[in-house]
Amino acid sequence: LVKNAEKCWNEAYVQSYFQQKAKYLWDDIQPDRSRKYGLVKMPIHMIRAEMFHDVEILLLNESFIRGRFWSLGWTEGTRAHVNDAEVFCKRLQESPANNNEECFSKLVNICKQIEAVLMEEVARESGGPNGRCSTLEAGRCLHEISLSLAKFRVWDE
């Protein structure tokens, strides 16, 4: 009963958030407090609501990734995104229709998308709200990504 209530509450939160904020971009230069909260917590709410397809789409969304970089900073944004991808993968592994290969594939795709957006930010002439992403900072971010892949023993990527 408690588990179902938690699932329903998180699902209601996600749906109401998207109804209210559907027209806004995740990478808005000046996000409001609810957008900042969403950038940090939305994937976890979606995972708790078992909205696995939706959270995968969100974690692959360039605007969402860029919004995290701009709101949280390069390393912290990467760390938050990688942590959410790990939680997502672990929940998929716990599901009855568990397919480890599919889970690892999803994790790799999310990590590749983080890397792609990060490299766009490194190449950008003018930085985002927290400045340009230096190659040193990008190296730290890539290290976070590789540690995540190593935790799941994904060595070939």
# chains A, B, ... in the order shown; residues from 1 in each chain; ligands from 1

$ residues_around --residues "range 75-92 of chain A" --least-positions-apart "5" --cutoff "8 Å" --atoms "only C-alpha atoms" --output "MDAnalysis selection string"
chainID A and resid 40 43:44 47 52 55 59 65 68:70 98:99 103:104 106:107 110:111 114 137:138 140:141 144:145 148

$ residues_around --residues "range 4-8 of chain A" --least-positions-apart "3" --cutoff "12 Å" --atoms "only C-alpha atoms" --output "MDAnalysis selection string"
chainID A and resid 1 11:15 44:51

$ closest_residue --among "A:His53, A:Arg66, A:Arg153, A:Lys21" --to "Glu115 in chain A" --atoms "only C-alpha atoms"
A:Arg66

$ closest_residue --among "A:Phe18, A:Arg132, A:Leu60, A:Ser71" --to "Arg33 in chain A" --atoms "only C-alpha atoms"
A:Ser71
